[in-house]
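*Asks:* Data: input27.cif, mmCIF, C-alpha atoms and all ligand atoms.
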data_target
#
loop_
_atom_site.label_atom_id
_atom_site.label_comp_id
_atom_site.auth_asym_id
_atom_site.auth_seq_id
_atom_site.Cartn_x
_atom_site.Cartn_y
_atom_site.Cartn_z
CA MET R 1 0.00 0.00 0.00
CA THR R 2 1.44 3.41 -0.95
CA THR R 3 1.37 6.19 1.63
CA PRO R 4 -1.14 9.00 0.97
CA TRP R 5 1.54 11.58 1.66
CA ASN R 6 -0.90 14.48 1.62
CA GLN R 7 -2.42 13.23 4.86
CA ARG R 8 0.98 13.03 6.53
CA TYR R 9 2.27 16.58 6.10
CA ALA R 10 2.21 18.99 9.05
CA LEU R 11 -0.37 21.78 9.04
CA ARG R 12 2.41 24.34 8.68
CA MET R 13 3.09 23.04 5.15
CA GLN R 14 -0.20 24.60 4.06
CA ASN R 15 1.53 27.99 4.19
CA MET R 16 4.49 26.87 2.12
CA GLY R 17 3.16 26.29 -1.41
CA SER R 18 5.48 26.75 -4.37
CA SER R 19 4.79 30.22 -5.72
CA LEU R 20 4.01 31.17 -9.29
CA ILE R 21 6.98 33.51 -9.13
CA ARG R 22 9.36 30.71 -8.18
CA GLU R 23 8.08 28.73 -11.17
CA LEU R 24 8.57 31.72 -13.46
CA LEU R 25 12.10 32.24 -12.17
CA LYS R 26 13.03 28.68 -13.17
CA ILE R 27 12.60 29.73 -16.79
CA THR R 28 15.22 32.42 -16.28
CA GLN R 29 17.91 29.73 -15.97
CA ASP R 30 18.06 29.80 -19.78
CA PRO R 31 21.55 31.20 -20.55
CA GLU R 32 20.11 33.36 -23.35
CA ILE R 33 18.04 35.31 -20.84
CA ILE R 34 19.65 38.31 -19.19
CA SER R 35 18.41 37.81 -15.68
CA PHE R 36 18.15 40.68 -13.23
CA ALA R 37 16.03 38.37 -11.09
CA GLY R 38 18.35 36.57 -8.66
CA GLY R 39 20.26 38.19 -5.84
CA LEU R 40 23.44 36.65 -7.17
CA PRO R 41 26.85 38.18 -6.53
CA ALA R 42 29.23 38.35 -9.51
CA PRO R 43 30.97 34.98 -9.94
CA ASP R 44 33.91 36.73 -11.66
CA VAL R 45 34.95 38.27 -8.31
CA PHE R 46 34.70 35.12 -6.20
CA PRO R 47 38.03 34.60 -4.41
CA VAL R 48 38.55 31.13 -5.90
CA LYS R 49 42.35 31.15 -5.72
CA ALA R 50 42.41 32.36 -2.10
CA PHE R 51 40.02 29.54 -1.14
CA GLU R 52 41.98 26.94 -3.09
CA GLU R 53 45.18 27.85 -1.26
CA ALA R 54 43.51 28.26 2.14
CA SER R 55 41.71 24.90 1.94
CA CYS R 56 45.04 23.16 1.17
CA ARG R 57 46.68 24.88 4.16
CA VAL R 58 43.78 23.94 6.46
CA LEU R 59 43.84 20.30 5.36
CA ARG R 60 47.61 20.12 5.64
CA LYS R 61 47.87 21.79 9.05
CA HIS R 62 44.54 20.96 10.77
CA GLY R 63 43.02 18.27 8.52
CA SER R 64 41.45 16.06 11.17
CA GLN R 65 40.02 19.00 13.13
CA ALA R 66 38.55 20.44 9.93
CA LEU R 67 36.82 17.15 9.12
CA GLN R 68 35.58 16.52 12.68
CA TYR R 69 32.33 17.64 14.41
CA SER R 70 32.73 20.97 16.19
CA ALA R 71 31.01 23.42 18.58
CA THR R 72 27.53 24.67 17.66
CA GLU R 73 28.53 28.27 18.47
CA GLY R 74 31.16 28.19 15.72
CA TYR R 75 34.93 28.06 15.25
CA LEU R 76 36.41 30.25 18.00
CA PRO R 77 39.10 32.03 15.91
CA LEU R 78 36.43 32.92 13.34
CA ARG R 79 34.10 34.23 16.08
CA ARG R 80 37.01 36.31 17.40
CA TRP R 81 37.65 37.64 13.89
CA ILE R 82 33.97 38.60 13.68
CA VAL R 83 34.19 40.38 17.06
CA ASP R 84 37.05 42.53 15.68
CA HIS R 85 35.29 43.02 12.38
CA MET R 86 32.11 44.11 14.15
CA ALA R 87 34.11 46.50 16.37
CA ALA R 88 35.54 48.16 13.24
CA TYR R 89 31.92 48.51 12.03
CA GLY R 90 30.97 50.14 15.35
CA ILE R 91 29.35 47.14 17.04
CA ASN R 92 30.74 46.36 20.49
CA ALA R 93 30.35 42.66 21.21
CA ASN R 94 32.32 39.75 22.61
CA VAL R 95 32.48 36.12 21.50
CA ASP R 96 29.51 35.17 23.70
CA ASN R 97 27.39 37.46 21.55
CA ILE R 98 28.32 35.72 18.28
CA LEU R 99 26.80 32.61 16.72
CA ILE R 100 28.04 31.35 13.35
CA THR R 101 25.19 30.18 11.13
CA SER R 102 24.85 28.38 7.81
CA GLY R 103 23.94 31.52 5.87
CA SER R 104 21.85 34.33 7.27
CA GLN R 105 18.87 32.43 5.90
CA GLN R 106 19.50 29.95 8.72
CA ALA R 107 19.80 32.85 11.17
CA LEU R 108 16.32 33.99 10.12
CA ASP R 109 14.98 30.47 10.49
CA LEU R 110 16.60 30.13 13.94
CA ILE R 111 15.02 33.39 15.07
CA GLY R 112 11.67 32.08 13.85
CA LYS R 113 12.16 28.80 15.68
CA VAL R 114 13.17 30.52 18.91
CA MET R 115 10.65 33.36 18.92
CA ILE R 116 7.53 32.72 16.83
CA ASN R 117 4.39 30.98 18.06
CA PRO R 118 1.60 30.20 15.55
CA GLY R 119 -0.37 33.39 14.94
CA ASP R 120 2.33 35.76 16.22
CA LEU R 121 2.45 39.07 14.40
CA ILE R 122 5.75 40.19 12.82
CA LEU R 123 6.15 43.80 11.72
CA THR R 124 8.04 44.16 8.43
CA GLU R 125 8.83 46.82 5.92
CA LYS R 126 6.72 46.81 2.76
CA PRO R 127 8.29 45.52 0.50
CA THR R 128 10.67 43.25 2.41
CA TYR R 129 13.03 40.30 1.94
CA LEU R 130 11.07 37.38 0.56
CA GLY R 131 13.27 34.75 2.26
CA ALA R 132 12.34 36.04 5.72
CA LEU R 133 8.64 35.93 4.92
CA GLN R 134 9.04 32.36 3.72
CA ALA R 135 11.11 31.26 6.71
CA TRP R 136 8.64 32.64 9.24
CA ARG R 137 5.53 31.47 7.40
CA ALA R 138 6.74 27.98 8.33
CA TYR R 139 6.27 29.00 11.99
CA GLN R 140 2.79 30.25 11.14
CA ALA R 141 3.64 33.93 11.58
CA GLU R 142 1.20 36.65 10.54
CA TYR R 143 2.54 39.89 9.06
CA THR R 144 1.78 43.53 9.45
CA SER R 145 3.79 46.00 7.41
CA ILE R 146 4.79 49.62 7.01
CA PRO R 147 5.62 51.12 3.60
CA ILE R 148 9.10 52.41 2.76
CA ASP R 149 10.10 55.47 0.77
CA ASN R 150 13.51 56.78 -0.32
CA ASP R 151 14.55 57.16 3.35
CA GLY R 152 13.47 53.64 4.30
CA LEU R 153 10.73 52.68 6.77
CA GLN R 154 8.11 55.42 7.07
CA THR R 155 8.33 55.85 10.81
CA GLU R 156 5.23 58.01 11.03
CA TYR R 157 3.20 54.77 10.81
CA LEU R 158 5.25 53.00 13.48
CA GLU R 159 3.27 53.72 16.66
CA GLU R 160 -0.02 52.64 15.11
CA ALA R 161 1.57 49.37 13.90
CA LEU R 162 3.21 48.71 17.26
CA CYS R 163 -0.17 49.04 18.96
CA GLY R 164 -1.03 45.74 17.19
CA GLY R 165 1.52 44.07 19.52
CA PRO R 166 4.03 42.50 17.09
CA LYS R 167 6.48 39.95 18.51
CA PHE R 168 9.37 41.74 16.80
CA MET R 169 10.17 44.04 13.89
CA TYR R 170 12.24 42.93 10.90
CA ILE R 171 14.23 45.83 9.44
CA LEU R 172 16.80 46.09 6.63
CA PRO R 173 18.36 49.52 7.15
CA ASN R 174 21.08 49.44 4.46
CA PHE R 175 20.35 49.24 0.72
CA GLN R 176 17.23 47.31 1.47
CA ASN R 177 16.39 44.10 -0.40
CA PRO R 178 14.34 44.62 -2.53
CA GLY R 179 13.89 48.41 -2.36
CA GLY R 180 17.56 49.46 -2.56
CA VAL R 181 16.81 52.32 -0.12
CA THR R 182 18.64 53.24 3.11
CA LEU R 183 17.04 54.16 6.42
CA SER R 184 18.06 57.72 7.36
CA LEU R 185 19.82 58.43 10.67
CA GLU R 186 16.88 60.48 11.86
CA ARG R 187 14.46 57.61 11.27
CA ARG R 188 16.88 55.09 12.80
CA LEU R 189 16.91 57.13 16.00
CA GLU R 190 13.14 57.44 15.98
CA LEU R 191 12.78 53.70 15.37
CA ILE R 192 15.12 52.81 18.23
CA GLU R 193 13.40 55.20 20.62
CA THR R 194 9.92 53.95 19.72
CA ALA R 195 10.94 50.27 19.86
CA ASP R 196 12.41 50.84 23.31
CA ARG R 197 9.32 52.67 24.54
CA TYR R 198 7.04 49.84 23.36
CA GLY R 199 9.47 47.09 24.41
CA ILE R 200 9.42 45.50 20.93
CA PRO R 201 12.71 43.92 19.74
CA ILE R 202 14.19 44.52 16.30
CA VAL R 203 15.80 41.97 14.01
CA GLU R 204 18.30 43.98 11.95
CA ASP R 205 19.30 42.16 8.76
CA ASP R 206 22.42 43.74 7.23
CA PRO R 207 23.96 41.64 4.45
CA TYR R 208 24.93 44.66 2.35
CA GLY R 209 26.29 47.17 4.90
CA GLU R 210 29.89 46.76 3.64
CA LEU R 211 28.85 47.43 0.07
CA ARG R 212 28.34 51.19 0.11
CA TYR R 213 29.29 53.00 -3.14
CA GLU R 214 28.33 56.55 -2.24
CA GLY R 215 27.34 58.62 0.81
CA GLU R 216 28.38 58.27 4.43
CA HIS R 217 28.12 55.16 6.58
CA ILE R 218 25.18 55.38 9.00
CA PRO R 219 25.48 53.53 12.34
CA PRO R 220 23.54 50.27 12.51
CA LEU R 221 20.43 50.05 14.71
CA VAL R 222 22.24 47.76 17.12
CA VAL R 223 24.83 50.49 17.77
CA LEU R 224 22.26 53.27 18.21
CA ASP R 225 20.30 51.02 20.54
CA ALA R 226 23.41 50.25 22.62
CA GLN R 227 24.16 53.98 22.90
CA ARG R 228 20.63 54.58 24.10
CA GLN R 229 20.78 51.73 26.65
CA GLU R 230 24.10 53.00 27.99
CA GLY R 231 22.48 56.35 28.71
CA GLN R 232 19.91 54.68 30.97
CA PRO R 233 20.56 54.38 34.73
CA GLU R 234 20.47 50.56 34.92
CA PHE R 235 23.24 50.32 32.32
CA SER R 236 25.39 53.21 33.53
CA ASN R 237 28.14 50.65 34.35
CA GLY R 238 29.07 50.60 30.66
CA HIS R 239 27.44 47.22 29.99
CA GLY R 240 24.71 48.64 27.81
CA PHE R 241 25.98 46.97 24.65
CA MET R 242 24.40 43.67 23.76
CA ARG R 243 21.81 44.06 26.46
CA GLY R 244 19.39 45.93 24.28
CA ASN R 245 16.52 45.32 21.87
CA VAL R 246 18.33 44.41 18.67
CA ILE R 247 19.36 41.09 17.11
CA TYR R 248 21.83 41.84 14.31
CA ILE R 249 22.51 39.49 11.38
CA SER R 250 25.17 39.64 8.69
CA THR R 251 26.76 37.27 6.20
CA PHE R 252 29.83 36.47 4.09
CA SER R 253 27.53 35.65 1.15
CA LYS R 254 27.93 39.03 -0.51
CA THR R 255 31.52 39.81 0.49
CA LEU R 256 33.15 36.38 -0.03
CA ALA R 257 30.78 33.90 -1.70
CA PRO R 258 27.23 32.65 -1.05
CA GLY R 259 28.17 29.01 -1.66
CA LEU R 260 30.10 29.02 1.63
CA ARG R 261 26.80 29.33 3.53
CA LEU R 262 28.53 31.31 6.25
CA ALA R 263 26.93 34.07 8.31
CA TRP R 264 26.54 35.21 11.91
CA ILE R 265 24.17 36.55 14.53
CA VAL R 266 25.17 39.23 17.07
CA ALA R 267 22.79 39.31 20.03
CA PRO R 268 22.56 39.37 23.82
CA SER R 269 24.16 36.13 25.08
CA GLU R 270 20.84 34.82 26.42
CA VAL R 271 19.38 35.03 22.90
CA ILE R 272 22.51 33.41 21.46
CA ASN R 273 22.12 30.52 23.95
CA ARG R 274 18.57 29.89 22.78
CA CYS R 275 19.64 30.02 19.13
CA VAL R 276 22.43 27.54 19.90
CA MET R 277 19.85 25.10 21.32
CA ALA R 278 17.67 25.54 18.24
CA LYS R 279 20.63 25.15 15.86
CA GLN R 280 21.65 21.86 17.46
CA GLY R 281 18.38 20.38 16.22
CA MET R 282 18.90 21.82 12.74
CA ASP R 283 22.46 20.97 11.72
CA LEU R 284 24.56 20.58 14.94
CA HIS R 285 26.98 23.18 13.59
CA THR R 286 28.04 24.99 10.45
CA SER R 287 30.68 23.07 8.45
CA SER R 288 33.97 23.01 10.42
CA PHE R 289 35.94 22.84 7.19
CA VAL R 290 34.22 25.88 5.67
CA GLN R 291 34.61 27.93 8.86
CA MET R 292 38.30 27.09 9.18
CA THR R 293 38.99 27.75 5.51
CA ALA R 294 37.14 31.06 5.60
CA TYR R 295 39.13 32.07 8.67
CA GLU R 296 42.35 31.17 6.87
CA VAL R 297 41.28 33.44 3.99
CA LEU R 298 40.15 36.27 6.26
CA LYS R 299 43.34 36.51 8.31
CA GLY R 300 45.47 39.54 7.38
CA ASP R 301 44.38 42.19 4.89
CA PHE R 302 42.53 39.99 2.43
CA PHE R 303 38.99 40.94 3.39
CA LYS R 304 39.53 44.70 3.27
CA ASN R 305 41.15 44.52 -0.18
CA HIS R 306 38.55 42.13 -1.51
CA VAL R 307 35.65 44.30 -0.37
CA HIS R 308 37.30 47.27 -2.12
CA LEU R 309 37.40 45.28 -5.33
CA ILE R 310 33.74 44.25 -5.04
CA ARG R 311 32.66 47.82 -4.34
CA ARG R 312 34.44 49.01 -7.47
CA VAL R 313 32.89 46.32 -9.69
CA TYR R 314 29.34 46.69 -8.33
CA ASP R 315 29.46 50.46 -8.32
CA GLU R 316 30.24 50.41 -12.05
CA ARG R 317 27.36 47.99 -12.72
CA ARG R 318 24.97 50.08 -10.64
CA GLN R 319 25.91 53.16 -12.64
CA VAL R 320 25.47 51.34 -15.97
CA MET R 321 22.00 50.20 -14.89
CA LEU R 322 20.97 53.67 -13.72
CA ASP R 323 22.20 55.25 -16.97
CA ALA R 324 20.44 52.59 -19.06
CA LEU R 325 17.18 53.09 -17.16
CA GLU R 326 17.42 56.80 -17.81
CA GLN R 327 17.99 56.14 -21.50
CA TYR R 328 15.58 53.28 -22.22
CA PHE R 329 12.70 53.39 -19.74
CA PRO R 330 9.57 55.27 -20.82
CA PRO R 331 8.21 58.37 -19.05
CA GLY R 332 5.95 57.52 -16.10
CA THR R 333 8.32 54.84 -14.76
CA HIS R 334 10.40 55.41 -11.62
CA TRP R 335 13.24 53.66 -9.86
CA THR R 336 15.26 54.00 -6.68
CA HIS R 337 18.86 55.23 -6.60
CA PRO R 338 20.62 52.79 -4.25
CA GLN R 339 23.75 54.02 -2.43
CA GLY R 340 24.98 50.45 -2.13
CA GLY R 341 23.94 46.80 -2.16
CA LEU R 342 22.78 44.74 -5.12
CA PHE R 343 19.30 45.91 -6.08
CA LEU R 344 17.16 48.68 -7.34
CA TRP R 345 13.41 48.88 -7.39
CA ALA R 346 11.25 50.05 -10.27
CA THR R 347 7.68 51.30 -10.18
CA LEU R 348 5.59 51.34 -13.35
CA PRO R 349 2.28 53.10 -13.98
CA GLN R 350 -0.55 51.65 -11.85
CA GLU R 351 -2.26 49.88 -14.75
CA ILE R 352 0.70 47.54 -15.40
CA ASP R 353 0.85 44.21 -13.61
CA THR R 354 4.50 43.10 -13.57
CA LEU R 355 3.62 39.47 -12.80
CA ALA R 356 1.40 39.32 -15.92
CA LEU R 357 4.16 41.10 -17.89
CA MET R 358 6.84 38.60 -16.89
CA PRO R 359 6.20 36.05 -19.73
CA LYS R 360 6.55 38.92 -22.23
CA ALA R 361 9.87 39.89 -20.65
CA VAL R 362 11.10 36.28 -20.75
CA GLU R 363 10.02 36.04 -24.40
CA ASN R 364 12.28 39.07 -24.98
CA LYS R 365 15.12 37.34 -23.10
CA VAL R 366 15.17 39.45 -19.97
CA ALA R 367 13.91 38.78 -16.42
CA TYR R 368 13.17 40.52 -13.11
CA VAL R 369 11.31 39.58 -9.94
CA PRO R 370 7.72 40.86 -9.87
CA GLY R 371 7.30 43.12 -6.84
CA SER R 372 4.23 41.49 -5.31
CA ALA R 373 6.47 38.63 -4.09
CA PHE R 374 8.03 41.04 -1.58
CA TYR R 375 4.78 42.39 -0.20
CA PRO R 376 3.45 40.42 2.78
CA ASP R 377 -0.06 41.55 1.75
CA GLY R 378 0.37 40.66 -1.95
CA THR R 379 0.12 44.29 -3.19
CA GLY R 380 2.85 46.04 -5.24
CA HIS R 381 1.56 44.62 -8.55
CA ASN R 382 3.13 47.47 -10.62
CA THR R 383 6.67 47.12 -9.19
CA PHE R 384 9.70 44.92 -9.79
CA ARG R 385 13.19 44.31 -8.44
CA LEU R 386 16.32 44.50 -10.56
CA ASN R 387 19.68 43.05 -9.52
CA PHE R 388 22.74 44.83 -10.90
CA SER R 389 25.62 42.78 -9.44
CA ASN R 390 25.45 39.61 -11.51
CA ALA R 391 25.43 40.61 -15.19
CA LYS R 392 28.42 42.20 -16.92
CA PRO R 393 28.02 45.93 -17.84
CA GLU R 394 27.34 45.33 -21.55
CA MET R 395 24.67 42.75 -20.68
CA ILE R 396 23.07 45.17 -18.20
CA GLU R 397 22.77 47.78 -20.94
CA LEU R 398 21.26 45.30 -23.39
CA GLY R 399 18.91 43.81 -20.78
CA ILE R 400 17.57 47.20 -19.68
CA ARG R 401 17.08 48.18 -23.33
CA ARG R 402 15.01 45.01 -23.88
CA LEU R 403 13.03 45.58 -20.70
CA GLY R 404 12.37 49.22 -21.60
CA GLN R 405 10.93 48.03 -24.93
CA VAL R 406 8.70 45.48 -23.18
CA VAL R 407 7.37 48.14 -20.81
CA GLN R 408 6.90 50.65 -23.63
CA ALA R 409 4.99 48.09 -25.72
CA GLU R 410 2.70 47.39 -22.77
CA LEU R 411 2.06 51.09 -22.26
CA ASN R 412 1.35 51.59 -25.97
CA LYS R 413 -1.22 48.79 -25.81
CA ARG R 414 -2.99 50.59 -23.01
CA GLU R 415 -2.84 53.99 -24.60
CA SER R 416 -4.47 52.71 -27.80
CA PRO R 417 -6.95 50.02 -26.68
CA GLU R 418 -8.45 47.91 -29.44
CA MET R 419 -11.46 49.56 -30.95
CA THR R 420 -14.76 48.18 -29.73
CA PHE R 421 -18.24 48.67 -31.16
CA ALA R 422 -21.04 49.36 -28.81
C1 LIG R 501 18.12 40.69 3.31
C2 LIG R 501 18.68 39.32 3.16
N1 LIG R 501 18.74 38.51 4.22
C3 LIG R 501 19.24 37.27 4.12
C4 LIG R 501 19.70 36.78 2.92
C5 LIG R 501 20.24 35.38 2.87
O1 LIG R 501 21.63 35.41 2.75
P1 LIG R 501 22.55 34.16 3.03
O2 LIG R 501 23.18 33.80 1.75
O3 LIG R 501 23.53 34.62 4.06
O4 LIG R 501 21.68 33.06 3.58
C6 LIG R 501 19.68 37.59 1.79
C7 LIG R 501 20.14 37.08 0.49
O5 LIG R 501 19.98 37.64 -0.54
C8 LIG R 501 19.16 38.90 1.91
O6 LIG R 501 19.09 39.73 0.87
#
Once more with this new file: its structure as structure tokens, please.

*Replies:*
Amino acid sequence: MTTPWNQRYALRMQNMGSSLIRELLKITQDPEIISFAGGLPAPDVFPVKAFEEASCRVLRKHGSQALQYSATEGYLPLRRWIVDHMAAYGINANVDNILITSGSQQALDLIGKVMINPGDLILTEKPTYLGALQAWRAYQAEYTSIPIDNDGLQTEYLEEALCGGPKFMYILPNFQNPGGVTLSLERRLELIETADRYGIPIVEDDPYGELRYEGEHIPPLVVLDAQRQEGQPEFSNGHGFMRGNVIYISTFSKTLAPGLRLAWIVAPSEVINRCVMAKQGMDLHTSSFVQMTAYEVLKGDFFKNHVHLIRRVYDERRQVMLDALEQYFPPGTHWTHPQGGLFLWATLPQEIDTLALMPKAVENKVAYVPGSAFYPDGTGHNTFRLNFSNAKPEMIELGIRRLGQVVQAELNKRESPEMTFA
């Protein structure tokens, strides 16, 4: 007798159907299609040689340790490196505040596992990172959301949303995925103050913070929160940092390579302890070999130089995309001007549905992600996300030209509807 599998799946699977968008994106694997859809870093800047040499050194010097089980918290020298790296970024933490994870996607899943009960409300930006929505849907989260503009989360809607009693807020302050916008310092301060007043924690997801191409660095929420806590009487002993309201996540996916699946959480040690327990049930620990090899690569000046290289390459691609949009996109279309990161966000006239337009784009050998995927409430039908890191400059130009033609053709259709006879 064959098992009727449908009757065996957990209820939570009902929220995890394969989306139409995911199906559409499969088509974009065709090498003839210029895809601005994925969030893929440029493979031509992956540090292949550095990893080849480092992995040989690790196997030669520490082979059996690298191939053995290891601590759930992560490889200690790598955690120490992250402590120093975070300090240079302004975040004051010690090793007890760091957990290495298998990608920041796992960090999001861990946070869901540790914090979300079925029916809990999570406050997100609108639009927001699709992978977080997916991860937390598995824990039966509900979403409430606040729109973003060019300065990020529109904080004037914050108090009203917080009155709904969300479990936590999920915020992407730097070069937001998908919007490409950055939360201003003024709004960061307002967000921190309001979160503290309502006692609602913040999950700060910051994969792109290192990849700024213009403008000044703005302190992360976790730093502003620590400064605020230190000013309060109970923390006047200087232990305000890592006692506050923010869980910070970052990753090596965009600065080294996503295939490593290597990221980290910075949080109060009590939160880290809970995440450690949850991670044990997921994968025991992140690959010892990968952690040790990454550490071997990171030692010395490599990281700083490599990030400089990436910034240069992505900045050029960003500029090519912005110029091409200016040249080829029809009047009435708008897009964000990201100061860093990997994405920009386009808005078309209201009457265009970018999901319905996607097959036309694919037919013309170009692809994007329809915006509605990033809206917890399914709105945003006239928007889409474009990635500028993956394609070479000449392909970006060609792809945006094709996309501009597709959008223009759609607008023309609407401006001259087929004649009807009453
Ligand atoms: C905002 C955000 N969070 C998390 C992730 C997942 O990254 P990782 O490769 O570290 O799992 C991404 C990847 O694109 C992202 O954009």

*Asks:* List the spatial neighbours of Ala50 of chain R as number ranges by chain - criterion: any atom at most 10 Å away, only C-alpha atoms, same-chain residues fewer than 5 positions off excluded.

*Replies:* R: 55, 293-294, 296-298, 302

*Asks:* May I have the selected residues written with C-alpha atoms, as a PDB file, keeping the file's coordinate frame?

*Replies:*
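Contents of the output file again.pdb:
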ATOM      1  CA  SER R  55      41.710  24.900   1.940  1.00  0.00           C
ATOM      2  CA  THR R 293      38.990  27.750   5.510  1.00  0.00           C
ATOM      3  CA  ALA R 294      37.140  31.060   5.600  1.00  0.00           C
ATOM      4  CA  GLU R 296      42.350  31.170   6.870  1.00  0.00           C
ATOM      5  CA  VAL R 297      41.280  33.440   3.990  1.00  0.00           C
ATOM      6  CA  LEU R 298      40.150  36.270   6.260  1.00  0.00           C
ATOM      7  CA  PHE R 302      42.530  39.990   2.430  1.00  0.00           C
TER       8      PHE R 302
END

*Asks:* Residues within 6 Å of ligand LIG 501 (chain R) (only C-alpha atoms and all ligand atoms), as a PyMOL selection string?

*Replies:* chain R and resi 39+103-105+129+177+205+207+251+253+258+263

*Asks:* Can I get the residues of segment 214-291 of chain R within 7 Å of segment 187-200 of chain R, each with the closest pair of atoms and their distance in Å to one decimal, using all atoms listed in the file, sorted chain first then ascending number, as JSON lines?

*Replies:*
{"residue": "R:Leu221", "atom": "CA", "partner": "R:Arg188", "partner_atom": "CA", "distance": 6.5}
{"residue": "R:Leu224", "atom": "CA", "partner": "R:Leu189", "partner_atom": "CA", "distance": 7.0}
{"residue": "R:Asp225", "atom": "CA", "partner": "R:Ile192", "partner_atom": "CA", "distance": 5.9}

*Asks:* Could you tell me how far atom CA of Ser389 of chain R lies from atom CA of Arg317 of chain R, in Å and to one decimal?

*Replies:*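 One can read the atom CA of Ser389 of chain R to atom CA of Arg317 of chain R distance as 6.4 Å.
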
*Asks:* For Gly74 of chain R, work out the shell of residues within 10 Å, counting all atoms listed in the file and skipping chain neighbours fewer than 5 positions away, then give it as a PyMOL selection string.

*Replies:* chain R and resi 79+95+98-101+264+276+285-288+291-292

*Asks:* What gap, in Å, lies between atom CA of Pro77 of chain R and atom CA of Tyr295 of chain R?

*Replies:*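 One can read the atom CA of Pro77 of chain R to atom CA of Tyr295 of chain R distance as 7.2 Å.
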
*Asks:* Within 12 Å of (2.1, 39.8, -16.7) (coordinates as in the file), grab all the protein and nucleic acid residues, counting all atoms listed in the file, and write them out as a PyMOL selection string.

*Replies:* chain R and resi 20-21+24+351-363+367-372+381-384+406-407+410

*Asks:* The selected residues should be written to file as a compact mmCIF listing (two decimals), in the frame of the given file (atoms: C-alpha atoms).

*Replies:*
# COMPACT_ATOMS: atom_id res chain seq x y z
CA LEU R 20 4.01 31.17 -9.29
CA ILE R 21 6.98 33.51 -9.13
CA LEU R 24 8.57 31.72 -13.46
CA GLU R 351 -2.26 49.88 -14.75
CA ILE R 352 0.70 47.54 -15.40
CA ASP R 353 0.85 44.21 -13.61
CA THR R 354 4.50 43.10 -13.57
CA LEU R 355 3.62 39.47 -12.80
CA ALA R 356 1.40 39.32 -15.92
CA LEU R 357 4.16 41.10 -17.89
CA MET R 358 6.84 38.60 -16.89
CA PRO R 359 6.20 36.05 -19.73
CA LYS R 360 6.55 38.92 -22.23
CA ALA R 361 9.87 39.89 -20.65
CA VAL R 362 11.10 36.28 -20.75
CA GLU R 363 10.02 36.04 -24.40
CA ALA R 367 13.91 38.78 -16.42
CA TYR R 368 13.17 40.52 -13.11
CA VAL R 369 11.31 39.58 -9.94
CA PRO R 370 7.72 40.86 -9.87
CA GLY R 371 7.30 43.12 -6.84
CA SER R 372 4.23 41.49 -5.31
CA HIS R 381 1.56 44.62 -8.55
CA ASN R 382 3.13 47.47 -10.62
CA THR R 383 6.67 47.12 -9.19
CA PHE R 384 9.70 44.92 -9.79
CA VAL R 406 8.70 45.48 -23.18
CA VAL R 407 7.37 48.14 -20.81
CA GLU R 410 2.70 47.39 -22.77

*Asks:* What lies within 9 Å of segment 32-38 of chain R using all atoms listed in the file, ignoring chain neighbours under 2 positions off, as a CSV table (one decimal) with C-alpha atoms, in the frame of the given file?

*Replies:*
chain,number,residue,atom,x,y,z
R,25,LEU,CA,12.1,32.2,-12.2
R,27,ILE,CA,12.6,29.7,-16.8
R,28,THR,CA,15.2,32.4,-16.3
R,29,GLN,CA,17.9,29.7,-16.0
R,30,ASP,CA,18.1,29.8,-19.8
R,40,LEU,CA,23.4,36.6,-7.2
R,41,PRO,CA,26.8,38.2,-6.5
R,343,PHE,CA,19.3,45.9,-6.1
R,362,VAL,CA,11.1,36.3,-20.8
R,363,GLU,CA,10.0,36.0,-24.4
R,364,ASN,CA,12.3,39.1,-25.0
R,365,LYS,CA,15.1,37.3,-23.1
R,366,VAL,CA,15.2,39.4,-20.0
R,367,ALA,CA,13.9,38.8,-16.4
R,368,TYR,CA,13.2,40.5,-13.1
R,369,VAL,CA,11.3,39.6,-9.9
R,370,PRO,CA,7.7,40.9,-9.9
R,385,ARG,CA,13.2,44.3,-8.4
R,386,LEU,CA,16.3,44.5,-10.6
R,387,ASN,CA,19.7,43.0,-9.5
R,388,PHE,CA,22.7,44.8,-10.9
R,389,SER,CA,25.6,42.8,-9.4
R,390,ASN,CA,25.4,39.6,-11.5
R,391,ALA,CA,25.4,40.6,-15.2
R,395,MET,CA,24.7,42.8,-20.7
R,396,ILE,CA,23.1,45.2,-18.2
R,398,LEU,CA,21.3,45.3,-23.4
R,399,GLY,CA,18.9,43.8,-20.8

*Asks:* So the first atom is atom CA of Thr347 of chain R and the second is atom CA of Pro220 of chain R; what is the distance between them in Å, to one decimal place?

*Replies:* 27.7 Å

*Asks:* If we count all atoms listed in the file, what is near Lys113 of chain R at a cut-off of 10 Å, once residues fewer than 4 positions away on the same chain are taken out, given as a PyMOL selection string?

*Replies:* chain R and resi 107-109+117+135-136+138-139+274-275+278-279

*Asks:* Between R:Arg80, R:Arg8, R:His217, R:Arg402, which is the closest to Ala324 of chain R once you count all atoms listed in the file?

*Replies:*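 Looking only at the distances to Ala324 of chain R, the closest residue turns out to be R:Arg402.
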
*Asks:* Pick out the closest residue to Tyr208 of chain R from this set: R:Gln339, R:Glu53, R:Gly164, R:Gly332. Count all atoms listed in the file.

*Replies:* R:Gln339

*Asks:* Here is a test: counting only C-alpha atoms, which residue of R:Leu67, R:Ile111, R:Leu342, R:Ile249 is nearest to Ile171 of chain R?

*Replies:*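 The closest residue to Ile171 of chain R is R:Ile249.
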
*Asks:* Skipping near chain neighbours, those fewer than 6 positions away, what residues fall within 9 Å of Val45 of chain R using only C-alpha atoms, listed as a list in words?

*Replies:* Leu256, Ala257, His306, Leu309, Ile310 and Val313 of chain R
